[in-house]
Amino acid sequence: MSISSRFAVGIHILALIELNKEGVTSSEFIAKSVNTNPAVIRKLMGMLKKAGLIEVNPGIAGAKLAKELSSITLFDVYKAVNVVHEKELFSIHESSHPDCLVGRNIQNTIEPLFTAAQLAMEKVLKNVTLEDVVKDIATKENNC
């Protein structure tokens, strides 16, 4: 199991909107880049719009960023596309046997570790902006 690809696709959408400012960044255009169905892109764009990260107008092709690149963090995207809820990145099985030493103690033992790991990951995401991602994409493209 892994974190939903919505997170990576959300970042892809935002980076593409920025790098294609001179063109029309429609859901069909983005879907070709992501290699998915435009309906999937429209759903994610709706989530990004609701989070205040993009501006779109119904019936008019195209989207634009609602904020400066430097003010959009990867954590903003992570939250916008509902990857996970607070303290729920890692799931713990709930049907352990209460008569077993490990079964009755495993949840209370590993839950704080999982919470700390999620908070550490989220801290990293808060320190990386969309500007960082776009600059890295441009650098990689120029080095090809």
# chains A, B, ... in the order shown; residues from 1 in each chain; ligands from 1
>>> select_by_dssp(residues="chain A", states="strand (DSSP E)", output="list in words")
Ile54, Glu55, Val56, Asn57, Ile60, Ala61, Gly62, Ala63, Lys64 and Leu65 of chain A
>>> closest_atom_pairs(of="region 72-101 of chain A", to="region 131-140 of chain A", cutoff="12 Å", atoms="only C-alpha atoms", output="CSV")
residue,atom,partner,partner_atom,distance
A:Ile72,CA,A:Glu131,CA,7.8
A:Thr73,CA,A:Glu131,CA,8.5
A:Leu74,CA,A:Val133,CA,9.0
>>> write_last_selection(atoms="all heavy atoms", output="compact mmCIF listing (two decimals), in the first residue's frame")
# COMPACT_ATOMS: atom_id res chain seq x y z
N ILE A 72 2.83 28.31 -2.12
CA ILE A 72 2.14 27.01 -2.15
C ILE A 72 3.14 25.95 -1.73
O ILE A 72 4.14 25.72 -2.42
CB ILE A 72 1.58 26.68 -3.55
CG1 ILE A 72 0.58 27.75 -3.99
CG2 ILE A 72 0.92 25.30 -3.54
CD1 ILE A 72 0.10 27.60 -5.44
N THR A 73 2.88 25.30 -0.62
CA THR A 73 3.77 24.23 -0.16
C THR A 73 3.23 22.87 -0.61
O THR A 73 2.03 22.74 -0.93
CB THR A 73 3.93 24.21 1.37
OG1 THR A 73 2.68 23.84 1.96
CG2 THR A 73 4.40 25.56 1.90
N LEU A 74 4.09 21.89 -0.58
CA LEU A 74 3.63 20.53 -0.90
C LEU A 74 2.64 20.05 0.16
O LEU A 74 1.75 19.26 -0.14
CB LEU A 74 4.81 19.57 -1.02
CG LEU A 74 5.76 19.83 -2.18
CD1 LEU A 74 6.72 18.66 -2.35
CD2 LEU A 74 5.03 20.11 -3.48
>>> residues_around(residues="Asp76 (chain A)", least_positions_apart="5", cutoff="10 Å", atoms="only C-alpha atoms", output="number ranges by chain")
A: 11, 48, 51-53, 71, 81, 122, 125-126, 129-130
>>> residues_around(residues="Ala8 (chain A)", least_positions_apart="4", cutoff="9 Å", atoms="only C-alpha atoms", output="JSON, numbers by chain")
{"A": [4, 12, 13, 77, 78]}
>>> atom_distance(atom1="CA of Met45 (chain A)", atom2="CA of Ala117 (chain A)")
28.6 Å
>>> atom_distance(atom1="CA of Arg6 (chain A)", atom2="CA of Leu44 (chain A)")
7.3 Å
>>> residues_around(residues="Glu28 (chain A)", least_positions_apart="2", cutoff="9 Å", atoms="only C-alpha atoms", output="MDAnalysis selection string")
chainID A and resid 25:26 30:33 37:39 41:42
>>> atom_distance(atom1="CA of Lys43 (chain A)", atom2="CA of Ala66 (chain A)")
17.3 Å
>>> select_by_dssp(residues="region 66-142 of chain A", states="alpha helix (DSSP H)", output="number ranges by chain")
A: 74-80, 106-126, 130-142
>>> write_last_selection(atoms="N, CA and C atoms", output="tab-separated table (two decimals), in the first residue's frame")
chain	number	residue	atom	x	y	z
A	74	LEU	N	4.09	21.89	-0.58
A	74	LEU	CA	3.63	20.53	-0.90
A	74	LEU	C	2.64	20.05	0.16
A	75	PHE	N	2.76	20.57	1.37
A	75	PHE	CA	1.79	20.23	2.40
A	75	PHE	C	0.40	20.75	2.02
A	76	ASP	N	0.35	21.94	1.42
A	76	ASP	CA	-0.93	22.48	0.96
A	76	ASP	C	-1.59	21.54	-0.05
A	77	VAL	N	-0.78	21.01	-0.96
A	77	VAL	CA	-1.29	20.08	-1.98
A	77	VAL	C	-1.74	18.79	-1.32
A	78	TYR	N	-0.90	18.28	-0.42
A	78	TYR	CA	-1.18	17.05	0.32
A	78	TYR	C	-2.53	17.14	1.02
A	79	LYS	N	-2.78	18.26	1.67
A	79	LYS	CA	-4.06	18.45	2.36
A	79	LYS	C	-5.21	18.65	1.37
A	80	ALA	N	-4.95	19.38	0.30
A	80	ALA	CA	-6.01	19.70	-0.67
A	80	ALA	C	-6.61	18.47	-1.33
A	106	ILE	N	0.12	-4.04	21.00
A	106	ILE	CA	0.76	-3.54	19.77
A	106	ILE	C	0.25	-2.15	19.38
A	107	GLN	N	-1.05	-1.93	19.47
A	107	GLN	CA	-1.60	-0.64	19.04
A	107	GLN	C	-1.04	0.52	19.87
A	108	ASN	N	-1.05	0.38	21.18
A	108	ASN	CA	-0.54	1.44	22.04
A	108	ASN	C	0.96	1.63	21.92
A	109	THR	N	1.65	0.60	21.46
A	109	THR	CA	3.10	0.67	21.30
A	109	THR	C	3.49	1.39	20.01
A	110	ILE	N	2.84	1.04	18.90
A	110	ILE	CA	3.29	1.60	17.62
A	110	ILE	C	2.55	2.86	17.19
A	111	GLU	N	1.37	3.12	17.74
A	111	GLU	CA	0.63	4.32	17.34
A	111	GLU	C	1.43	5.61	17.54
A	112	PRO	N	2.09	5.84	18.69
A	112	PRO	CA	2.88	7.07	18.84
A	112	PRO	C	4.04	7.15	17.84
A	113	LEU	N	4.61	6.01	17.49
A	113	LEU	CA	5.70	6.00	16.50
A	113	LEU	C	5.17	6.41	15.13
A	114	PHE	N	4.03	5.88	14.77
A	114	PHE	CA	3.42	6.21	13.48
A	114	PHE	C	3.04	7.68	13.42
A	115	THR	N	2.50	8.20	14.51
A	115	THR	CA	2.13	9.63	14.56
A	115	THR	C	3.37	10.50	14.39
A	116	ALA	N	4.45	10.16	15.09
A	116	ALA	CA	5.69	10.93	14.98
A	116	ALA	C	6.24	10.89	13.55
A	117	ALA	N	6.16	9.73	12.91
A	117	ALA	CA	6.65	9.61	11.53
A	117	ALA	C	5.82	10.46	10.58
A	118	GLN	N	4.51	10.46	10.75
A	118	GLN	CA	3.65	11.27	9.89
A	118	GLN	C	3.94	12.75	10.09
A	119	LEU	N	4.08	13.17	11.33
A	119	LEU	CA	4.36	14.58	11.61
A	119	LEU	C	5.70	15.01	11.03
A	120	ALA	N	6.69	14.13	11.07
A	120	ALA	CA	8.01	14.44	10.49
A	120	ALA	C	7.89	14.61	8.97
A	121	MET	N	7.15	13.71	8.33
A	121	MET	CA	6.97	13.81	6.88
A	121	MET	C	6.24	15.11	6.53
A	122	GLU	N	5.20	15.43	7.28
A	122	GLU	CA	4.44	16.65	7.01
A	122	GLU	C	5.30	17.89	7.21
A	123	LYS	N	6.21	17.86	8.16
A	123	LYS	CA	7.12	18.99	8.38
A	123	LYS	C	7.99	19.20	7.14
A	124	VAL	N	8.47	18.14	6.54
A	124	VAL	CA	9.27	18.25	5.31
A	124	VAL	C	8.42	18.87	4.20
A	125	LEU	N	7.19	18.39	4.04
A	125	LEU	CA	6.31	18.90	2.99
A	125	LEU	C	6.02	20.39	3.17
A	126	LYS	N	5.96	20.85	4.41
A	126	LYS	CA	5.70	22.26	4.69
A	126	LYS	C	6.88	23.15	4.29
A	130	LEU	N	6.00	24.88	-4.24
A	130	LEU	CA	5.81	24.57	-5.65
A	130	LEU	C	6.88	25.25	-6.49
A	131	GLU	N	7.36	26.39	-6.03
A	131	GLU	CA	8.46	27.07	-6.71
A	131	GLU	C	9.70	26.18	-6.74
A	132	ASP	N	9.99	25.50	-5.65
A	132	ASP	CA	11.13	24.57	-5.60
A	132	ASP	C	10.96	23.46	-6.63
A	133	VAL	N	9.76	22.92	-6.72
A	133	VAL	CA	9.47	21.82	-7.66
A	133	VAL	C	9.62	22.31	-9.10
A	134	VAL	N	9.04	23.45	-9.42
A	134	VAL	CA	9.09	23.98	-10.79
A	134	VAL	C	10.54	24.30	-11.19
A	135	LYS	N	11.30	24.88	-10.27
A	135	LYS	CA	12.71	25.18	-10.57
A	135	LYS	C	13.49	23.89	-10.83
A	136	ASP	N	13.21	22.86	-10.05
A	136	ASP	CA	13.91	21.58	-10.23
A	136	ASP	C	13.53	20.94	-11.57
A	137	ILE	N	12.29	21.03	-11.95
A	137	ILE	CA	11.85	20.50	-13.25
A	137	ILE	C	12.58	21.24	-14.37
A	138	ALA	N	12.62	22.56	-14.28
A	138	ALA	CA	13.28	23.38	-15.31
A	138	ALA	C	14.77	23.05	-15.38
A	139	THR	N	15.40	22.87	-14.23
A	139	THR	CA	16.83	22.53	-14.21
A	139	THR	C	17.08	21.17	-14.85
A	140	LYS	N	16.25	20.20	-14.51
A	140	LYS	CA	16.41	18.87	-15.09
A	140	LYS	C	16.19	18.89	-16.61
A	141	GLU	N	15.23	19.67	-17.06
A	141	GLU	CA	14.94	19.79	-18.49
A	141	GLU	C	16.12	20.44	-19.21
A	142	ASN	N	16.71	21.43	-18.61
A	142	ASN	CA	17.85	22.13	-19.22
A	142	ASN	C	19.11	21.29	-19.24
>>> closest_residue(among="A:Val24, A:Val9, A:Leu14, A:Val56", to="Glu68 (chain A)", atoms="only C-alpha atoms")
A:Leu14
>>> closest_residue(among="A:Met47, A:Val40, A:Leu69, A:Ile60", to="Ile17 (chain A)", atoms="only C-alpha atoms")
A:Leu69
>>> closest_residue(among="A:Asn105, A:Leu65, A:Ile54, A:Asn143", to="His93 (chain A)", atoms="only C-alpha atoms")
A:Asn105
